[in-house]
Each structure stands twice: as C-alpha cells, then as structure tokens.
>>> print(open('run_39.tsv').read())   # TSV, C-alpha atoms
chain	number	residue	atom	x	y	z
A	1	MET	CA	22.74	78.82	-139.43
A	2	ASP	CA	20.39	81.13	-141.32
A	3	SER	CA	20.16	84.34	-139.30
A	4	THR	CA	18.52	86.60	-141.87
A	5	ILE	CA	15.15	88.14	-141.04
A	6	GLN	CA	12.37	87.46	-143.55
A	7	PHE	CA	10.14	90.49	-143.60
A	8	ILE	CA	6.46	89.49	-143.53
A	9	GLY	CA	5.05	92.91	-144.41
A	10	THR	CA	5.34	96.66	-144.00
A	11	VAL	CA	3.88	99.21	-141.60
A	12	ARG	CA	1.83	101.99	-143.21
A	13	SER	CA	1.58	105.06	-140.97
A	14	GLU	CA	1.06	108.79	-141.04
A	15	LEU	CA	4.40	109.06	-139.19
A	16	LYS	CA	6.97	109.83	-141.87
A	17	ARG	CA	10.10	110.74	-139.89
A	18	PRO	CA	11.66	109.25	-136.73
A	19	GLU	CA	11.44	112.61	-135.00
A	20	ASP	CA	7.65	112.53	-135.39
A	21	CYS	CA	7.37	109.28	-133.41
A	22	PRO	CA	6.29	109.11	-129.78
A	23	LEU	CA	8.73	107.02	-127.80
A	24	GLN	CA	6.32	104.36	-126.57
A	25	GLU	CA	3.01	103.18	-127.94
A	26	ASN	CA	1.03	104.58	-125.02
A	27	GLU	CA	2.17	108.11	-125.81
A	28	ASN	CA	-0.47	109.03	-128.37
A	29	ALA	CA	0.85	107.05	-131.32
A	30	PRO	CA	-1.59	107.09	-134.26
A	31	PRO	CA	-3.28	104.02	-135.71
A	32	ALA	CA	-1.40	102.18	-138.46
A	33	ILE	CA	-1.92	99.54	-141.13
A	34	LEU	CA	0.08	96.30	-141.16
A	35	GLN	CA	0.34	95.42	-144.86
A	36	ILE	CA	1.12	91.69	-144.99
A	37	PHE	CA	2.97	90.37	-148.03
A	38	PRO	CA	0.86	87.93	-150.13
A	39	GLU	CA	3.04	84.91	-149.32
A	40	PHE	CA	2.38	85.33	-145.57
A	41	ILE	CA	-1.37	86.09	-145.62
A	42	GLU	CA	-2.26	82.52	-144.71
A	43	GLY	CA	-0.47	83.05	-141.40
A	44	VAL	CA	-2.70	85.96	-140.33
A	45	ARG	CA	-6.06	84.52	-141.35
A	46	ASP	CA	-7.10	83.78	-137.74
A	47	LEU	CA	-6.38	87.24	-136.39
A	48	ALA	CA	-9.56	89.06	-135.41
A	49	ALA	CA	-10.65	92.59	-134.59
A	50	GLY	CA	-10.59	93.27	-130.85
A	51	SER	CA	-7.55	91.12	-130.02
A	52	GLU	CA	-4.45	92.58	-128.41
A	53	VAL	CA	-1.25	91.27	-129.97
A	54	LEU	CA	2.49	91.78	-129.89
A	55	VAL	CA	3.95	93.20	-133.09
A	56	LEU	CA	7.68	92.92	-133.85
A	57	THR	CA	9.25	95.39	-136.27
A	58	TRP	CA	12.73	95.97	-137.70
A	59	LEU	CA	13.71	99.57	-136.91
A	60	HIS	CA	15.61	99.92	-140.15
A	61	GLN	CA	16.95	103.42	-139.55
A	62	ALA	CA	18.68	102.46	-136.30
A	63	ASP	CA	22.42	102.76	-135.65
A	64	ARG	CA	23.45	99.16	-134.99
A	65	SER	CA	26.92	100.06	-133.65
A	66	ILE	CA	25.65	101.57	-130.36
A	67	LEU	CA	26.62	99.89	-127.05
A	68	LYS	CA	26.07	102.82	-124.66
A	69	CYS	CA	23.44	105.51	-124.72
A	70	VAL	CA	22.02	108.37	-122.71
A	71	PRO	CA	18.43	108.05	-121.44
A	72	ARG	CA	15.93	109.99	-123.52
A	73	ASN	CA	15.10	113.49	-122.41
A	74	ASP	CA	17.97	113.63	-119.93
A	75	TYR	CA	21.20	114.34	-121.72
A	76	GLU	CA	22.91	115.17	-118.43
A	77	ALA	CA	22.49	111.61	-117.18
A	78	PRO	CA	25.36	109.14	-117.45
A	79	ALA	CA	25.38	106.83	-120.47
A	80	LEU	CA	24.00	103.35	-119.85
A	81	GLY	CA	24.83	100.04	-121.48
A	82	VAL	CA	22.35	99.75	-124.34
A	83	PHE	CA	20.86	96.51	-123.00
A	84	SER	CA	19.63	98.46	-119.94
A	85	THR	CA	17.64	100.75	-122.26
A	86	ARG	CA	14.92	100.52	-124.90
A	87	SER	CA	16.82	102.68	-127.35
A	88	PRO	CA	16.06	101.79	-131.00
A	89	ASP	CA	19.80	102.22	-131.67
A	90	ARG	CA	21.14	98.80	-130.66
A	91	PRO	CA	22.86	95.80	-132.31
A	92	ASN	CA	19.54	94.21	-133.34
A	93	PRO	CA	16.93	96.97	-133.70
A	94	ILE	CA	13.81	94.89	-133.06
A	95	GLY	CA	10.81	96.91	-131.91
A	96	ILE	CA	8.27	95.15	-129.67
A	97	HIS	CA	4.85	96.79	-129.56
A	98	THR	CA	1.48	95.95	-128.05
A	99	VAL	CA	-1.42	96.94	-130.25
A	100	LYS	CA	-5.13	96.25	-130.54
A	101	ILE	CA	-6.41	94.91	-133.84
A	102	LEU	CA	-9.15	97.16	-135.24
A	103	SER	CA	-9.90	95.29	-138.49
A	104	VAL	CA	-8.52	92.57	-140.75
A	105	SER	CA	-9.11	92.33	-144.49
A	106	THR	CA	-8.78	89.18	-146.56
A	107	ASP	CA	-6.10	90.79	-148.69
A	108	GLY	CA	-3.75	91.17	-145.73
A	109	LEU	CA	-4.38	94.69	-144.45
A	110	ILE	CA	-4.57	94.77	-140.65
A	111	SER	CA	-5.60	98.02	-139.01
A	112	VAL	CA	-4.19	98.47	-135.49
A	113	SER	CA	-4.27	101.00	-132.68
A	114	GLY	CA	-1.30	103.20	-131.73
A	115	LEU	CA	2.02	102.10	-133.22
A	116	GLU	CA	5.07	104.33	-132.80
A	117	VAL	CA	7.10	103.51	-135.93
A	118	ILE	CA	7.48	105.32	-139.23
A	119	ASP	CA	5.80	104.52	-142.51
A	120	GLY	CA	7.74	101.82	-144.34
A	121	THR	CA	9.09	100.04	-141.26
A	122	PRO	CA	9.46	96.32	-142.01
A	123	LEU	CA	7.28	93.88	-140.08
A	124	ILE	CA	8.88	90.78	-138.55
A	125	ASP	CA	6.23	88.95	-136.51
A	126	ILE	CA	2.83	89.03	-134.81
A	127	LYS	CA	2.24	86.97	-131.64
A	128	PRO	CA	-0.60	86.64	-129.14
A	129	LEU	CA	0.07	88.37	-125.82
A	130	TRP	CA	1.18	86.01	-123.07
A	131	LYS	CA	-1.70	84.64	-121.06
A	132	THR	CA	0.27	84.86	-117.88
A	133	ARG	CA	3.28	86.92	-116.91
A	134	LEU	CA	3.20	89.68	-119.49
A	135	ARG	CA	-0.50	90.45	-119.39
B	1	MET	CA	18.88	97.19	-145.92
B	2	ASP	CA	20.87	94.96	-143.59
B	3	SER	CA	18.45	92.42	-142.17
B	4	THR	CA	20.90	89.95	-140.69
B	5	ILE	CA	20.77	89.29	-136.94
B	6	GLN	CA	24.04	89.86	-135.07
B	7	PHE	CA	24.14	87.36	-132.24
B	8	ILE	CA	25.26	88.99	-128.98
B	9	GLY	CA	25.87	85.78	-127.05
B	10	THR	CA	24.72	82.23	-126.35
B	11	VAL	CA	22.38	80.62	-123.83
B	12	ARG	CA	23.97	77.96	-121.60
B	13	SER	CA	21.37	75.60	-120.14
B	14	GLU	CA	20.90	72.11	-118.78
B	15	LEU	CA	18.19	71.69	-121.45
B	16	LYS	CA	19.88	69.84	-124.30
B	17	ARG	CA	16.98	68.88	-126.59
B	18	PRO	CA	13.85	70.77	-127.71
B	19	GLU	CA	11.66	67.99	-126.29
B	20	ASP	CA	13.08	68.70	-122.83
B	21	CYS	CA	11.86	72.31	-122.87
B	22	PRO	CA	8.77	73.52	-121.08
B	23	LEU	CA	6.57	75.53	-123.42
B	24	GLN	CA	6.55	78.78	-121.48
B	25	GLU	CA	8.97	80.18	-118.94
B	26	ASN	CA	6.52	79.89	-116.07
B	27	GLU	CA	6.31	76.12	-116.50
B	28	ASN	CA	9.30	75.12	-114.40
B	29	ALA	CA	12.08	76.11	-116.78
B	30	PRO	CA	15.52	75.82	-115.13
B	31	PRO	CA	17.92	78.72	-114.57
B	32	ALA	CA	20.32	79.48	-117.42
B	33	ILE	CA	23.46	81.48	-118.15
B	34	LEU	CA	23.54	84.19	-120.82
B	35	GLN	CA	27.11	84.12	-122.11
B	36	ILE	CA	27.70	87.52	-123.76
B	37	PHE	CA	30.31	87.73	-126.51
B	38	PRO	CA	33.32	89.93	-125.58
B	39	GLU	CA	32.50	92.63	-128.15
B	40	PHE	CA	29.07	93.21	-126.58
B	41	ILE	CA	30.00	93.15	-122.87
B	42	GLU	CA	30.03	96.95	-122.65
B	43	GLY	CA	26.31	96.90	-123.48
B	44	VAL	CA	25.39	94.77	-120.43
B	45	ARG	CA	27.52	96.51	-117.82
B	46	ASP	CA	24.55	98.26	-116.20
B	47	LEU	CA	22.43	95.14	-115.75
B	48	ALA	CA	22.05	94.23	-112.10
B	49	ALA	CA	20.93	91.25	-110.05
B	50	GLY	CA	17.27	91.47	-109.08
B	51	SER	CA	16.04	93.15	-112.27
B	52	GLU	CA	13.41	91.57	-114.49
B	53	VAL	CA	14.23	91.87	-118.17
B	54	LEU	CA	13.04	90.74	-121.58
B	55	VAL	CA	15.41	88.35	-123.35
B	56	LEU	CA	15.16	87.77	-127.11
B	57	THR	CA	16.57	84.56	-128.58
B	58	TRP	CA	16.86	83.05	-132.05
B	59	LEU	CA	15.21	79.61	-131.94
B	60	HIS	CA	17.68	78.17	-134.39
B	61	GLN	CA	16.12	74.73	-134.71
B	62	ALA	CA	12.75	76.10	-135.83
B	63	ASP	CA	11.05	75.30	-139.12
B	64	ARG	CA	10.79	78.70	-140.81
B	65	SER	CA	8.41	77.52	-143.56
B	66	ILE	CA	5.39	77.08	-141.27
B	67	LEU	CA	2.30	79.29	-141.81
B	68	LYS	CA	-0.36	77.16	-140.04
B	69	CYS	CA	-0.08	75.04	-136.94
B	70	VAL	CA	-2.09	73.04	-134.46
B	71	PRO	CA	-2.26	74.31	-130.86
B	72	ARG	CA	0.04	72.42	-128.51
B	73	ASN	CA	-1.43	69.46	-126.69
B	74	ASP	CA	-4.57	69.40	-128.80
B	75	TYR	CA	-3.90	67.72	-132.09
B	76	GLU	CA	-7.64	67.41	-132.75
B	77	ALA	CA	-8.03	71.17	-132.89
B	78	PRO	CA	-8.12	72.96	-136.24
B	79	ALA	CA	-4.86	74.44	-137.50
B	80	LEU	CA	-4.43	78.16	-136.86
B	81	GLY	CA	-2.50	80.78	-138.81
B	82	VAL	CA	0.93	80.83	-137.18
B	83	PHE	CA	0.65	84.51	-136.24
B	84	SER	CA	-2.25	83.59	-133.91
B	85	THR	CA	0.07	81.22	-132.02
B	86	ARG	CA	3.34	81.32	-130.11
B	87	SER	CA	4.75	78.33	-131.97
B	88	PRO	CA	8.56	78.46	-132.28
B	89	ASP	CA	8.10	77.21	-135.87
B	90	ARG	CA	7.40	80.48	-137.72
B	91	PRO	CA	9.03	82.65	-140.41
B	92	ASN	CA	11.19	84.52	-137.89
B	93	PRO	CA	11.75	82.28	-134.87
B	94	ILE	CA	12.37	84.97	-132.26
B	95	GLY	CA	11.75	83.84	-128.69
B	96	ILE	CA	10.64	86.51	-126.19
B	97	HIS	CA	11.19	85.60	-122.56
B	98	THR	CA	10.82	87.37	-119.21
B	99	VAL	CA	13.53	86.42	-116.75
B	100	LYS	CA	14.94	87.69	-113.48
B	101	ILE	CA	18.65	88.43	-113.34
B	102	LEU	CA	20.31	86.44	-110.54
B	103	SER	CA	23.92	87.61	-111.02
B	104	VAL	CA	26.18	89.41	-113.49
B	105	SER	CA	29.93	88.87	-113.84
B	106	THR	CA	32.37	91.35	-115.36
B	107	ASP	CA	33.35	88.81	-117.99
B	108	GLY	CA	29.84	88.73	-119.44
B	109	LEU	CA	28.15	85.78	-117.74
B	110	ILE	CA	24.61	86.63	-116.66
B	111	SER	CA	22.76	84.10	-114.55
B	112	VAL	CA	18.96	84.23	-114.97
B	113	SER	CA	15.87	82.48	-113.65
B	114	GLY	CA	13.77	80.06	-115.72
B	115	LEU	CA	14.46	80.18	-119.45
B	116	GLU	CA	12.83	77.59	-121.72
B	117	VAL	CA	15.37	77.27	-124.55
B	118	ILE	CA	18.05	74.70	-125.24
B	119	ASP	CA	21.76	75.00	-124.60
B	120	GLY	CA	23.45	76.78	-127.48
B	121	THR	CA	20.48	78.96	-128.46
B	122	PRO	CA	21.77	82.28	-129.87
B	123	LEU	CA	20.99	85.45	-127.93
B	124	ILE	CA	19.66	88.50	-129.83
B	125	ASP	CA	18.79	91.20	-127.29
B	126	ILE	CA	18.10	92.14	-123.66
B	127	LYS	CA	15.62	94.96	-122.88
B	128	PRO	CA	14.09	96.38	-119.70
B	129	LEU	CA	10.47	95.36	-119.16
B	130	TRP	CA	7.96	98.02	-120.15
B	131	LYS	CA	7.07	100.31	-117.32
B	132	THR	CA	3.46	100.47	-118.38
B	133	ARG	CA	1.35	98.24	-120.53
B	134	LEU	CA	3.25	94.98	-120.40
B	135	ARG	CA	4.00	94.91	-116.70
>>> encode(input="run_39.tsv", output="structure tokens")
Amino acid sequence: MDSTIQFIGTVRSELKRPEDCPLQENENAPPAILQIFPEFIEGVRDLAAGSEVLVLTWLHQADRSILKCVPRNDYEAPALGVFSTRSPDRPNPIGIHTVKILSVSTDGLISVSGLEVIDGTPLIDIKPLWKTRLR
Amino acid sequence: MDSTIQFIGTVRSELKRPEDCPLQENENAPPAILQIFPEFIEGVRDLAAGSEVLVLTWLHQADRSILKCVPRNDYEAPALGVFSTRSPDRPNPIGIHTVKILSVSTDGLISVSGLEVIDGTPLIDIKPLWKTRLR
C-alpha cells in the first residue's frame, strides 16, 4: 500500500519560526499564500474568494516519536496521551486548519486568512467544510 | 523530509466494500472499532467514553490520480476541481471523521459511533475537536 504523502504545494507566510506561530488559527495568525504546484492547479480551479475551507498541512518540523505530552502553557499539568491533545508533535504531524479564501490566481496562488504555520510548510489537501456536523 | 504516514491502527467495521459505505458519517454509518497497534497504545490512554473526537483515516482504495470529479449523485453536473469536493479519490486520500467514543479498553480497542469507512482502513490520527471554530 502506498502510504507516502504527495505534497500539493507550499505555504508562504511571514511566520518564519515555530516559536512565532500562534497555537490555533483564531489566535491572530496572519494571512498566508497557498502556492499550489503546477501539476495540481487543475484541482483548485473551482475554489473561489469568500469560501471557508479546510486546509491540511504537514508540520514538517514536528517530533514524530512523541506519545505523551504536557498541555501548552501549563507545564505543571500531568502529561496526556498525545491523541488527547492537538500537539504538532505526534506520529503523523498533520495540521488541520479552517481558513477563508481571500483570492485565487490562475497560476495557483491562493491567498487565505489566518494560518498558524511557518513559511515553507508543505500543503497536503484542501477540502470544503462539512455542511453539517463540523460547521 | 520524511513524508511517509505511520499507521497507528486499523478500523474494524461491518462495512466490507466501498459501495456499502454511506457518504458522510451522519448518514447512518454503523459503529466501528479502532484497533490501535501496541506501540501506539500509550498515546490513547487518556481517551474516555463520551468524548467527541476527530479521526483521520487513510482511504487506501482511493484513486490518487484524480484532479477533477463529478459531485456524487449528480452525474449530469459539471466536473469540479477535486479540492472543491470531499471525494475520497484525491492526491492524498485522508478521511476526516467526527465520532463519539463509546468505550476504550486497555488493550487498545476503541469503540466509536458511526464511521463511514470499510473494514481494514488504516488509522492515521485521533485529535480532540476544536474548542472554537469547528464545534
């Protein structure tokens, strides 16, 4: 079974270091550009400004060996199993973000609202938001 | 950069064929068991019955070459760029599901409410639901 991620593009952001990143997208993350690789541009041609979408990223600086971690901003708390947290350090460091599309260019540059990942983060997927349960 | 998914477990379900699956988890999907591999059990030890979580799966029977597709149940409609759809056939066939945990055993069997993937689907991740925007 092929279990290798194919990156579809790269995030371009003013955030250059992990320590500059807010921890969730609603904590004042800056706008970013999703730079889609040429071979995947056909897949984004129906995205439009104004839509809210889910963006999946590969948090490439993560520590993939982590199974327990301490909740952010409370280092006195007991460690939790990593699957009870949203830590980027986890076996498969996939970031899931909700963003609003601000503009789309025909050459595959998609400008989006607040995205809390660093410049150069690989892009995995873009999906419409659920119509129902995760609205 | 290592871009290979590490599977953390397997979904056990009464759904044996893709054509048996409902298209979203709120369309009468049956309960399922998340069977966590022994080396990842420490990461799920703080999950508890009653919680709602996000489950990420690898839809291993997907066609990863697809960039355009026709919306389900409307084959007269124009094809859309795949990133404007939730088709499982896409470059990175990651399924994102919201489920409720029904029970957790110490040997890594997690029983969950409706999950619309077939028996044997690899499991990638479990995350808490967002507290804010995607509630």
>>> residues_near_point(input="run_39.tsv", point="(21.1, 79.2, -121.6)", cutoff="8 Å", atoms="all atoms listed in the file", output="ChimeraX atom specification")
/B:10-14,31-35,115,117-121
>>> closest_atom_pairs(input="run_39.tsv", of="chain A", to="chain B", cutoff="6 Å", atoms="only C-alpha atoms", output="CSV")
residue,atom,partner,partner_atom,distance
A:Ser3,CA,B:Ile5,CA,5.5
A:Thr4,CA,B:Thr4,CA,4.3
A:Ile5,CA,B:Ser3,CA,5.5
A:Gly43,CA,B:Gly81,CA,4.0
A:Val44,CA,B:Gly81,CA,5.4
A:Arg45,CA,B:Gly81,CA,5.8
A:Asp46,CA,B:Gly81,CA,5.6
A:Leu67,CA,B:Gly43,CA,4.7
A:Gly81,CA,B:Gly43,CA,4.0
A:Val82,CA,B:Gly43,CA,5.0
A:Phe83,CA,B:Ile126,CA,5.2
A:Ser84,CA,B:Pro128,CA,5.9
A:Arg86,CA,B:Lys127,CA,6.0
A:Ile126,CA,B:Phe83,CA,5.2
A:Lys127,CA,B:Phe83,CA,5.5
A:Pro128,CA,B:Ser84,CA,5.9
A:Leu134,CA,B:Leu134,CA,5.4
A:Arg135,CA,B:Leu134,CA,6.0
>>> atom_distance(input="run_39.tsv", atom1="atom CA of Asp20 of chain B", atom2="atom CA of Glu116 of chain B")
9.0 Å
>>> atom_distance(input="run_39.tsv", atom1="atom CA of Gly108 of chain A", atom2="atom CA of Pro71 of chain B")
22.5 Å
>>> atom_distance(input="run_39.tsv", atom1="atom CA of Pro78 of chain A", atom2="atom CA of Leu59 of chain A")
24.6 Å
>>> residues_near_point(input="run_39.tsv", point="(-3.1, 94.9, -132.0)", cutoff="6 Å", atoms="only C-alpha atoms", output="list in words")
Glu52, Val53, Val99, Lys100, Ile101 and Val112 of chain A
>>> closest_residue(input="run_39.tsv", among="B:Gly50, B:Pro88, B:Gly9, B:Pro30", to="Ala62 of chain B", atoms="all atoms listed in the file")
B:Pro88
